[in-house]
$ cat query.cif   # mmCIF, C-alpha atoms
data_data
#
loop_
_atom_site.label_atom_id
_atom_site.label_comp_id
_atom_site.auth_asym_id
_atom_site.auth_seq_id
_atom_site.Cartn_x
_atom_site.Cartn_y
_atom_site.Cartn_z
CA MET A 1 13.82 -19.75 19.59
CA GLU A 2 15.02 -19.57 15.99
CA THR A 3 17.09 -16.51 15.10
CA THR A 4 19.13 -15.25 12.19
CA SER A 5 21.87 -12.64 12.21
CA ASN A 6 21.65 -9.17 10.75
CA PRO A 7 24.88 -8.78 8.72
CA ALA A 8 24.98 -5.02 9.34
CA SER A 9 24.92 -5.28 13.13
CA ASP A 10 25.50 -8.99 13.73
CA THR A 11 22.50 -8.82 16.08
CA PRO A 12 20.26 -11.91 16.07
CA VAL A 13 16.93 -11.23 14.36
CA PRO A 14 14.10 -13.15 16.03
CA PHE A 15 11.99 -15.44 13.87
CA ARG A 16 8.36 -14.35 13.80
CA SER A 17 5.31 -16.36 12.77
CA GLY A 18 1.57 -16.01 13.03
CA PHE A 19 -1.88 -16.08 11.52
CA VAL A 20 -2.91 -13.04 9.49
CA ASN A 21 -6.60 -13.12 8.66
CA ILE A 22 -8.05 -10.94 5.89
CA ILE A 23 -11.58 -9.58 6.37
CA GLY A 24 -13.78 -7.19 4.42
CA ARG A 25 -16.91 -6.70 2.40
CA PRO A 26 -17.41 -8.54 -0.92
CA ASN A 27 -15.22 -7.26 -3.76
CA ALA A 28 -12.93 -5.21 -1.50
CA GLY A 29 -9.88 -6.87 -3.04
CA LYS A 30 -9.09 -9.43 -0.34
CA SER A 31 -8.25 -12.23 -2.77
CA THR A 32 -6.16 -9.93 -4.96
CA LEU A 33 -4.25 -8.84 -1.86
CA MET A 34 -3.48 -12.36 -0.64
CA ASN A 35 -2.40 -13.45 -4.09
CA ALA A 36 -0.11 -10.41 -4.30
CA LEU A 37 1.43 -11.11 -0.88
CA VAL A 38 1.89 -14.85 -1.26
CA GLY A 39 3.01 -14.60 -4.87
CA GLU A 40 0.76 -17.41 -6.06
CA ARG A 41 -2.83 -17.48 -7.26
CA MET A 42 -4.66 -18.97 -4.29
CA SER A 43 -8.07 -17.35 -4.70
CA ILE A 44 -10.51 -16.53 -7.46
CA ILE A 45 -10.14 -12.99 -8.80
CA THR A 46 -12.96 -11.58 -10.93
CA HIS A 47 -14.81 -8.29 -11.14
CA LYS A 48 -17.90 -9.98 -9.68
CA PRO A 49 -18.58 -9.88 -5.92
CA GLN A 50 -18.82 -12.92 -3.63
CA THR A 51 -16.53 -15.10 -5.72
CA THR A 52 -14.64 -16.43 -2.68
CA ARG A 53 -16.80 -18.91 -0.75
CA HIS A 54 -14.29 -20.66 1.49
CA ARG A 55 -11.54 -19.76 3.91
CA ILE A 56 -8.34 -20.23 1.92
CA ILE A 57 -4.91 -20.31 3.53
CA GLY A 58 -1.80 -19.00 1.79
CA ILE A 59 1.62 -19.43 3.42
CA LEU A 60 4.49 -17.00 2.92
CA SER A 61 7.88 -17.98 4.35
CA GLY A 62 10.86 -15.64 4.55
CA GLU A 63 14.27 -15.79 6.18
CA ASN A 64 12.98 -14.37 9.45
CA PHE A 65 9.25 -15.04 9.31
CA GLN A 66 6.36 -17.22 8.28
CA LEU A 67 2.96 -15.64 7.62
CA VAL A 68 -0.14 -17.80 7.42
CA PHE A 69 -2.72 -15.72 5.56
CA SER A 70 -6.42 -16.54 5.50
CA ASP A 71 -8.49 -15.15 2.64
CA THR A 72 -12.13 -15.17 3.73
CA PRO A 73 -15.42 -14.72 1.88
CA GLY A 74 -16.90 -11.23 1.81
CA TYR A 75 -19.15 -10.86 4.85
CA VAL A 76 -22.77 -11.10 3.69
CA ARG A 77 -25.02 -8.48 5.27
CA ASP A 78 -28.31 -10.37 4.97
CA PRO A 79 -27.61 -14.07 4.34
CA SER A 80 -30.26 -15.56 2.05
CA TYR A 81 -29.13 -19.19 2.18
CA LYS A 82 -27.42 -21.63 4.51
CA MET A 83 -24.44 -21.31 2.18
CA HIS A 84 -24.22 -17.58 2.98
CA ARG A 85 -24.45 -18.30 6.70
CA ALA A 86 -21.67 -20.86 6.36
CA MET A 87 -19.55 -18.27 4.53
CA ASN A 88 -20.14 -15.80 7.35
CA ARG A 89 -19.07 -18.43 9.88
CA PHE A 90 -15.78 -18.79 8.00
CA VAL A 91 -15.24 -15.06 8.55
CA GLU A 92 -16.35 -15.07 12.20
CA GLY A 93 -14.00 -17.99 12.90
CA THR A 94 -11.00 -15.90 11.91
CA LEU A 95 -11.42 -13.79 15.05
CA ASP A 96 -10.50 -16.74 17.25
CA ASP A 97 -7.11 -17.70 15.80
CA ALA A 98 -5.77 -14.40 14.45
CA ASP A 99 -2.51 -12.84 15.54
CA LEU A 100 -3.34 -9.91 13.26
CA LEU A 101 -6.50 -8.92 11.38
CA LEU A 102 -6.31 -7.12 8.05
CA LEU A 103 -9.47 -5.13 7.39
CA VAL A 104 -9.51 -4.46 3.65
CA PHE A 105 -11.63 -1.52 2.47
CA ASP A 106 -12.19 -0.47 -1.13
CA LEU A 107 -11.59 3.30 -1.25
CA THR A 108 -14.06 3.69 -4.11
CA GLU A 109 -16.91 2.26 -2.02
CA GLU A 110 -19.31 4.19 0.20
CA LEU A 111 -18.73 4.37 3.94
CA GLU A 112 -21.65 2.74 5.76
CA ASP A 113 -22.39 2.92 9.48
CA ASP A 114 -24.28 -0.37 9.19
CA ASN A 115 -21.28 -2.19 7.69
CA PRO A 116 -21.62 -5.65 9.32
CA VAL A 117 -17.88 -6.06 9.91
CA ILE A 118 -17.89 -3.17 12.43
CA PRO A 119 -19.77 -4.92 15.27
CA MET A 120 -17.96 -8.16 14.50
CA LEU A 121 -14.48 -6.59 14.69
CA SER A 122 -15.39 -4.59 17.78
CA ALA A 123 -15.13 -7.85 19.71
CA ALA A 124 -11.77 -8.83 18.20
CA LYS A 125 -8.85 -9.40 20.55
CA ALA A 126 -6.16 -9.33 17.86
CA PRO A 127 -4.82 -5.98 16.58
CA ILE A 128 -6.59 -4.62 13.50
CA MET A 129 -4.65 -3.16 10.58
CA LEU A 130 -6.76 -1.14 8.14
CA VAL A 131 -5.73 -1.75 4.54
CA LEU A 132 -7.10 0.94 2.22
CA ASN A 133 -7.19 -0.65 -1.23
CA LYS A 134 -7.29 0.99 -4.69
CA LYS A 135 -5.45 4.12 -3.60
CA ASP A 136 -4.53 4.75 -7.23
CA LEU A 137 -8.20 5.49 -8.00
CA VAL A 138 -8.81 8.25 -5.41
CA LYS A 139 -7.34 11.58 -4.30
CA GLU A 140 -5.18 12.02 -1.19
CA GLN A 141 -7.99 13.67 0.79
CA ARG A 142 -10.10 10.55 0.39
CA LEU A 143 -7.40 8.53 2.14
CA THR A 144 -7.44 10.89 5.11
CA ASP A 145 -11.23 11.00 5.33
CA VAL A 146 -11.63 7.22 5.20
CA GLN A 147 -8.87 6.64 7.74
CA ASN A 148 -10.47 9.08 10.18
CA TRP A 149 -13.91 7.51 9.63
CA TRP A 150 -12.68 4.02 10.50
CA ALA A 151 -10.58 5.25 13.44
CA LYS A 152 -13.75 6.55 15.09
CA ARG A 153 -15.40 3.12 14.84
CA LEU A 154 -12.66 0.59 15.50
CA PRO A 155 -9.43 0.47 17.56
CA LEU A 156 -6.97 0.46 14.66
CA ALA A 157 -3.41 -0.64 15.32
CA ASP A 158 -2.14 0.68 11.97
CA VAL A 159 -3.24 1.92 8.55
CA VAL A 160 -1.67 1.18 5.14
CA ALA A 161 -2.84 2.41 1.73
CA ILE A 162 -2.16 0.12 -1.21
CA SER A 163 -3.21 -0.91 -4.69
CA ALA A 164 -3.37 -4.71 -4.49
CA LEU A 165 -3.88 -5.07 -8.24
CA ASN A 166 -0.59 -3.40 -9.23
CA GLY A 167 1.32 -4.19 -6.04
CA ASP A 168 1.80 -0.57 -4.99
CA GLY A 169 2.35 -0.42 -1.22
CA THR A 170 2.30 -4.18 -0.64
CA ALA A 171 6.01 -4.31 0.30
CA ASP A 172 5.43 -1.70 3.01
CA LEU A 173 2.34 -3.61 4.16
CA LEU A 174 4.29 -6.86 4.39
CA GLU A 175 7.03 -5.21 6.44
CA LYS A 176 4.48 -3.85 8.90
CA ILE A 177 2.66 -7.17 9.18
CA VAL A 178 5.84 -8.98 10.25
CA ARG A 179 6.42 -6.45 13.04
CA TYR A 180 3.05 -7.28 14.61
CA LEU A 181 3.63 -11.02 14.76
CA PRO A 182 4.89 -12.81 17.88
CA GLU A 183 8.24 -14.52 18.03
CA GLY A 184 7.92 -18.22 17.39
CA PRO A 185 8.77 -21.13 15.10
CA ALA A 186 7.29 -21.81 11.66
CA PHE A 187 4.00 -23.73 11.54
CA TYR A 188 4.54 -25.28 8.10
CA PRO A 189 7.48 -26.44 5.94
CA THR A 190 9.02 -23.42 4.22
CA ASP A 191 8.18 -24.73 0.73
CA GLN A 192 4.47 -25.23 1.51
CA LEU A 193 2.12 -22.62 0.02
CA THR A 194 -1.27 -23.70 1.35
CA ASP A 195 -3.05 -26.31 3.44
CA ARG A 196 -5.56 -27.06 0.68
CA PRO A 197 -5.18 -30.09 -1.64
CA GLU A 198 -4.72 -29.70 -5.38
CA ARG A 199 -8.24 -30.91 -6.13
CA PHE A 200 -9.66 -27.94 -4.18
CA PHE A 201 -7.80 -25.48 -6.39
CA VAL A 202 -8.86 -27.38 -9.50
CA SER A 203 -12.51 -26.92 -8.50
CA GLU A 204 -11.83 -23.23 -7.81
CA ILE A 205 -10.25 -22.79 -11.26
CA ILE A 206 -13.29 -24.33 -12.93
CA ARG A 207 -15.59 -22.14 -10.84
CA GLU A 208 -13.54 -19.06 -11.75
CA LYS A 209 -14.00 -19.82 -15.46
CA ILE A 210 -17.75 -20.10 -14.89
CA PHE A 211 -17.71 -16.62 -13.36
CA LEU A 212 -15.77 -15.27 -16.33
CA LEU A 213 -17.70 -16.98 -19.13
CA TYR A 214 -21.30 -16.89 -17.93
CA ALA A 215 -23.55 -13.99 -16.96
CA ASP A 216 -26.49 -13.34 -14.67
CA GLU A 217 -27.26 -15.93 -12.02
CA ILE A 218 -25.30 -18.87 -13.45
CA PRO A 219 -22.04 -18.37 -11.46
CA TYR A 220 -23.92 -17.82 -8.19
CA SER A 221 -26.18 -20.83 -8.74
CA SER A 222 -23.41 -23.30 -9.53
CA GLU A 223 -20.91 -25.32 -7.54
CA VAL A 224 -18.14 -27.67 -8.68
CA GLY A 225 -17.42 -31.11 -7.33
CA ILE A 226 -14.29 -33.10 -8.26
CA GLU A 227 -15.43 -36.69 -8.72
CA ALA A 228 -12.00 -38.14 -9.55
CA PHE A 229 -8.41 -36.89 -9.69
CA GLN A 230 -6.01 -39.50 -11.04
CA GLU A 231 -2.28 -39.01 -11.65
CA THR A 232 -1.33 -41.25 -14.57
CA GLN A 233 0.87 -41.12 -17.67
CA THR A 234 0.40 -40.59 -21.38
CA LYS A 235 1.28 -43.32 -23.88
CA ILE A 236 4.77 -41.88 -24.19
CA GLY A 237 5.30 -41.76 -20.44
CA GLU A 238 4.57 -38.08 -19.71
CA PRO A 239 2.76 -37.21 -16.46
CA LEU A 240 -1.00 -36.77 -16.96
CA ALA A 241 -3.73 -35.70 -14.55
CA ARG A 242 -7.15 -37.17 -15.34
CA ILE A 243 -9.81 -35.01 -13.76
CA TYR A 244 -13.55 -35.67 -13.77
CA ALA A 245 -15.64 -32.79 -12.45
CA THR A 246 -19.36 -32.18 -12.05
CA ILE A 247 -20.94 -28.74 -12.16
CA TYR A 248 -24.09 -28.60 -10.05
CA VAL A 249 -26.84 -26.08 -10.81
CA LEU A 250 -30.28 -25.37 -9.39
CA ARG A 251 -32.51 -25.71 -12.46
CA GLU A 252 -32.74 -27.41 -15.85
CA THR A 253 -32.72 -24.02 -17.57
CA GLN A 254 -29.34 -23.25 -15.99
CA LYS A 255 -28.01 -26.61 -17.14
CA ALA A 256 -29.05 -25.77 -20.69
CA ILE A 257 -27.23 -22.42 -20.50
CA LEU A 258 -24.06 -24.04 -19.16
CA LEU A 259 -24.07 -26.61 -21.94
CA GLY A 260 -24.91 -24.12 -24.69
CA LYS A 261 -26.22 -24.89 -28.15
CA GLY A 262 -24.68 -28.11 -29.37
CA GLY A 263 -22.50 -28.19 -26.23
CA ARG A 264 -20.38 -25.27 -27.47
CA ALA A 265 -20.45 -23.35 -24.17
CA ILE A 266 -19.34 -26.27 -22.01
CA LYS A 267 -16.64 -27.10 -24.55
CA LYS A 268 -15.22 -23.57 -24.30
CA LEU A 269 -15.42 -23.75 -20.51
CA GLY A 270 -13.59 -27.07 -20.52
CA THR A 271 -10.84 -25.80 -22.81
CA GLU A 272 -10.14 -22.66 -20.79
CA ALA A 273 -10.33 -24.51 -17.47
CA ARG A 274 -8.01 -27.27 -18.70
CA GLN A 275 -5.41 -24.75 -19.86
CA ALA A 276 -5.50 -22.94 -16.51
CA ILE A 277 -5.30 -26.22 -14.58
CA GLU A 278 -2.29 -27.32 -16.67
CA GLU A 279 -0.56 -24.06 -15.81
CA PHE A 280 -1.39 -24.53 -12.14
CA LEU A 281 -0.38 -28.20 -11.92
CA GLN A 282 2.51 -27.88 -14.41
CA THR A 283 1.45 -31.09 -16.15
CA LYS A 284 -0.78 -32.25 -18.97
CA VAL A 285 -4.45 -32.54 -18.02
CA TYR A 286 -7.39 -34.51 -19.32
CA LEU A 287 -10.52 -32.76 -18.05
CA GLU A 288 -14.05 -34.10 -18.37
CA LEU A 289 -16.95 -31.92 -17.28
CA SER A 290 -20.55 -32.92 -16.68
CA VAL A 291 -23.53 -30.87 -15.50
CA LYS A 292 -26.17 -32.02 -13.04
CA VAL A 293 -29.21 -30.38 -11.49
CA ARG A 294 -29.26 -30.40 -7.71
CA GLY A 295 -32.13 -28.20 -6.66
CA ASN A 296 -31.75 -26.03 -3.59
CA TRP A 297 -28.15 -27.12 -2.93
CA ARG A 298 -27.44 -23.76 -1.25
CA ASP A 299 -29.83 -24.73 1.57
CA ASP A 300 -29.10 -28.47 1.61
CA GLU A 301 -26.99 -29.48 4.62
CA ARG A 302 -25.75 -32.65 2.93
CA ALA A 303 -24.76 -30.81 -0.24
CA LEU A 304 -23.02 -28.04 1.69
CA SER A 305 -21.05 -30.64 3.61
CA GLN A 306 -20.06 -32.35 0.33
CA PHE A 307 -18.88 -29.01 -1.10
CA GLY A 308 -16.76 -28.18 1.96
CA TYR A 309 -18.92 -25.58 3.71
CA LYS A 310 -19.01 -27.60 6.95
#

$ encode --input "query.cif" --output "structure tokens"
Amino acid sequence: METTSNPASDTPVPFRSGFVNIIGRPNAGKSTLMNALVGERMSIITHKPQTTRHRIIGILSGENFQLVFSDTPGYVRDPSYKMHRAMNRFVEGTLDDADLLLLVFDLTEELEDDNPVIPMLSAAKAPIMLVLNKKDLVKEQRLTDVQNWWAKRLPLADVVAISALNGDGTADLLEKIVRYLPEGPAFYPTDQLTDRPERFFVSEIIREKIFLLYADEIPYSSEVGIEAFQETQTKIGEPLARIYATIYVLRETQKAILLGKGGRAIKKLGTEARQAIEEFLQTKVYLELSVKVRGNWRDDERALSQFGYK
């Protein structure tokens, strides 16, 4: 067993590690929370719900611990497509491998007895920590009322109120999380931040820009596929990533909106995505975007497998 010494008492501090899975309704702030805890942008953050579609792992290593966080999609109450059902399976799968479950609840949202995470978490074997998010937007009495409401419906191991957006309360949350983890060795190298490849995050960055730049149904009807990711050099020998990506939509009308008049919309999308990808990869990027119609991809097993939902 790995241990480190506490300088104050010279008592060995056991190394703790485990899987901390984040669950909640769409737009509860799960992605914002994981990004705040890990210290890197692992997940899409926008004001629009259901932006996270995959289970994304973020790894935080400290002197005495390693936390393997899973950010999951918001649990969809009434799945309309096979894509939604796949997203729900990502969430349900977190019950099997969790050492600790973080139930994130937006304090500004209504309390609903038919919240679909309640029956799901009732069967959980791992301890459940209730994370009350956006505490800066409500009064103290709201915190008490919400805590009592959830305590009557689920066996809560602990409760922490935070504001994930400004980081208020996240240090206290992190300290409590470590206490609930079992003693054990690290699962990943201490400098590793995720188990996802770079091309996955590139597709997520492009998809995030679609959510930010387009309205109505376009973000929810589109998916991004990375056709090629080549690490080369510029003419003067600087590192260069050549990325070719395809944006898939359901209809020709959506393709026209994505492209924009004279291609102006897709050009703006490409510019903003390229700049964000360069910041993420810390290298120069050549990004080429194309748009294709792939009708009914949200219910197409082959397409869902290609996009990583299987």

$ atom_distance --input "query.cif" --atom1 "atom CA of A:Leu165" --atom2 "atom CA of A:Thr32"
6.3 Å

$ atom_distance --input "query.cif" --atom1 "atom CA of A:Asp97" --atom2 "atom CA of A:Lys134"
27.7 Å

$ atom_distance --input "query.cif" --atom1 "atom CA of A:Glu175" --atom2 "atom CA of A:Gly62"
11.3 Å

$ residues_around --input "query.cif" --residues "stretch 33-38 of chain A" --least-positions-apart "5" --cutoff "12 Å" --atoms "only C-alpha atoms" --output "MDAnalysis selection string"
chainID A and resid 20:24 27:28 43:45 55:62 66:72 102:106 131:134 161:175 177 191:194

$ closest_residue --input "query.cif" --among "A:Glu272, A:Glu238, A:Glu63, A:Asp99" --to "A:Ala126" --atoms "all atoms listed in the file"
A:Asp99

$ residues_around --input "query.cif" --residues "A:Ala186" --least-positions-apart "6" --cutoff "8 Å" --atoms "only C-alpha atoms" --output "VMD selection string"
chain A and resid 16 to 17 65 to 66

$ residues_around --input "query.cif" --residues "A:Gly270" --least-positions-apart "2" --cutoff "8 Å" --atoms "all atoms listed in the file" --output "VMD selection string"
chain A and resid 266 to 268 272 to 274 287 to 289

$ resolve_selection --input "query.cif" --expression "the PyMOL selection byres ((chain A and resi 223-231) around 10)" --output "count of residues only"
45

$ residues_around --input "query.cif" --residues "A:Arg142" --least-positions-apart "6" --cutoff "10 Å" --atoms "only C-alpha atoms" --output "ChimeraX atom specification"
/A:107-108,135,148

$ resolve_selection --input "query.cif" --expression "the PyMOL selection byres ((chain A and resi 152-160) around 6)" --output "list in words"
Pro127, Ile128, Met129, Leu130, Val131, Trp149, Trp150, Ala151 and Ala161 of chain A

$ closest_residue --input "query.cif" --among "A:Leu213, A:Asp299, A:Thr253, A:Val138" --to "A:Thr271" --atoms "all atoms listed in the file"
A:Leu213

$ closest_residue --input "query.cif" --among "A:Arg179, A:Lys30, A:Arg77, A:Arg85" --to "A:Pro14" --atoms "only C-alpha atoms"
A:Arg179

$ axis_aligned_box --input "query.cif" --around "stretch 18-31 of chain A" --padding-each-side "5 Å" --output "JSON"
{"center_x": -7.9, "center_y": -10.6, "center_z": 4.6, "size_x": 29.0, "size_y": 20.9, "size_z": 26.8}

$ closest_residue --input "query.cif" --among "A:Ile236, A:Ala215, A:Val293, A:Ala276" --to "A:Arg251" --atoms "all atoms listed in the file"
A:Val293

$ decode --input "query.cif" --residues "stretch 61-90 of chain A" --atoms "N, CA and C atoms" --output "CSV table (one decimal), in the first residue's frame"
chain,number,residue,atom,x,y,z
A,61,SER,N,-5.0,13.8,-10.0
A,61,SER,CA,-4.0,13.1,-9.1
A,61,SER,C,-3.5,14.1,-8.1
A,62,GLY,N,-3.4,13.7,-6.9
A,62,GLY,CA,-2.8,14.5,-5.8
A,62,GLY,C,-1.7,13.7,-5.1
A,63,GLU,N,-1.1,14.3,-4.1
A,63,GLU,CA,-0.1,13.6,-3.4
A,63,GLU,C,-0.5,12.3,-2.7
A,64,ASN,N,-1.8,12.3,-2.2
A,64,ASN,CA,-2.3,11.2,-1.5
A,64,ASN,C,-3.5,10.5,-2.1
A,65,PHE,N,-3.8,10.9,-3.4
A,65,PHE,CA,-5.1,10.4,-3.9
A,65,PHE,C,-5.0,10.4,-5.5
A,66,GLN,N,-5.9,9.6,-6.1
A,66,GLN,CA,-6.2,9.8,-7.5
A,66,GLN,C,-7.7,9.6,-7.7
A,67,LEU,N,-8.4,10.6,-8.2
A,67,LEU,CA,-9.8,10.5,-8.4
A,67,LEU,C,-10.1,10.4,-9.9
A,68,VAL,N,-10.9,9.4,-10.3
A,68,VAL,CA,-11.2,9.2,-11.7
A,68,VAL,C,-12.7,9.6,-11.8
A,69,PHE,N,-12.9,10.8,-12.3
A,69,PHE,CA,-14.3,11.3,-12.4
A,69,PHE,C,-14.9,10.9,-13.7
A,70,SER,N,-16.2,10.6,-13.7
A,70,SER,CA,-17.0,10.4,-14.9
A,70,SER,C,-18.1,11.4,-15.0
A,71,ASP,N,-18.0,12.3,-16.1
A,71,ASP,CA,-19.1,13.2,-16.4
A,71,ASP,C,-20.0,12.4,-17.3
A,72,THR,N,-21.3,12.4,-17.0
A,72,THR,CA,-22.3,11.6,-17.8
A,72,THR,C,-23.3,12.6,-18.4
A,73,PRO,N,-23.9,12.1,-19.5
A,73,PRO,CA,-25.0,12.9,-20.0
A,73,PRO,C,-26.1,13.1,-19.0
A,74,GLY,N,-26.9,14.2,-19.2
A,74,GLY,CA,-28.1,14.3,-18.4
A,74,GLY,C,-29.1,13.2,-18.7
A,75,TYR,N,-29.7,12.6,-17.6
A,75,TYR,CA,-30.6,11.5,-17.8
A,75,TYR,C,-31.9,12.0,-18.5
A,76,VAL,N,-32.2,11.4,-19.6
A,76,VAL,CA,-33.3,11.8,-20.4
A,76,VAL,C,-34.6,11.1,-19.9
A,77,ARG,N,-35.6,11.8,-19.5
A,77,ARG,CA,-36.8,11.3,-19.0
A,77,ARG,C,-37.5,10.3,-20.0
A,78,ASP,N,-37.8,10.9,-21.1
A,78,ASP,CA,-38.5,10.1,-22.2
A,78,ASP,C,-37.7,10.0,-23.4
A,79,PRO,N,-36.8,9.1,-23.6
A,79,PRO,CA,-35.9,9.0,-24.7
A,79,PRO,C,-36.7,8.9,-26.0
A,80,SER,N,-36.4,9.9,-27.0
A,80,SER,CA,-37.1,9.9,-28.2
A,80,SER,C,-36.3,9.1,-29.3
A,81,TYR,N,-35.0,8.9,-29.1
A,81,TYR,CA,-34.2,8.3,-30.2
A,81,TYR,C,-33.3,7.2,-29.5
A,82,LYS,N,-32.7,6.4,-30.4
A,82,LYS,CA,-31.8,5.4,-29.9
A,82,LYS,C,-30.6,6.1,-29.3
A,83,MET,N,-30.2,7.3,-29.8
A,83,MET,CA,-29.1,8.1,-29.2
A,83,MET,C,-29.4,8.4,-27.8
A,84,HIS,N,-30.7,8.8,-27.5
A,84,HIS,CA,-31.0,9.1,-26.1
A,84,HIS,C,-30.9,7.9,-25.2
A,85,ARG,N,-31.4,6.8,-25.7
A,85,ARG,CA,-31.3,5.5,-25.0
A,85,ARG,C,-29.9,5.1,-24.7
A,86,ALA,N,-29.0,5.4,-25.7
A,86,ALA,CA,-27.6,5.1,-25.5
A,86,ALA,C,-27.0,6.0,-24.4
A,87,MET,N,-27.4,7.3,-24.5
A,87,MET,CA,-26.9,8.3,-23.4
A,87,MET,C,-27.4,7.8,-22.0
A,88,ASN,N,-28.6,7.3,-21.9
A,88,ASN,CA,-29.1,6.8,-20.6
A,88,ASN,C,-28.3,5.6,-20.2
A,89,ARG,N,-27.9,4.8,-21.1
A,89,ARG,CA,-27.1,3.6,-20.7
A,89,ARG,C,-25.7,4.0,-20.2
A,90,PHE,N,-25.2,5.1,-20.7
A,90,PHE,CA,-23.9,5.6,-20.2
A,90,PHE,C,-24.1,6.0,-18.7
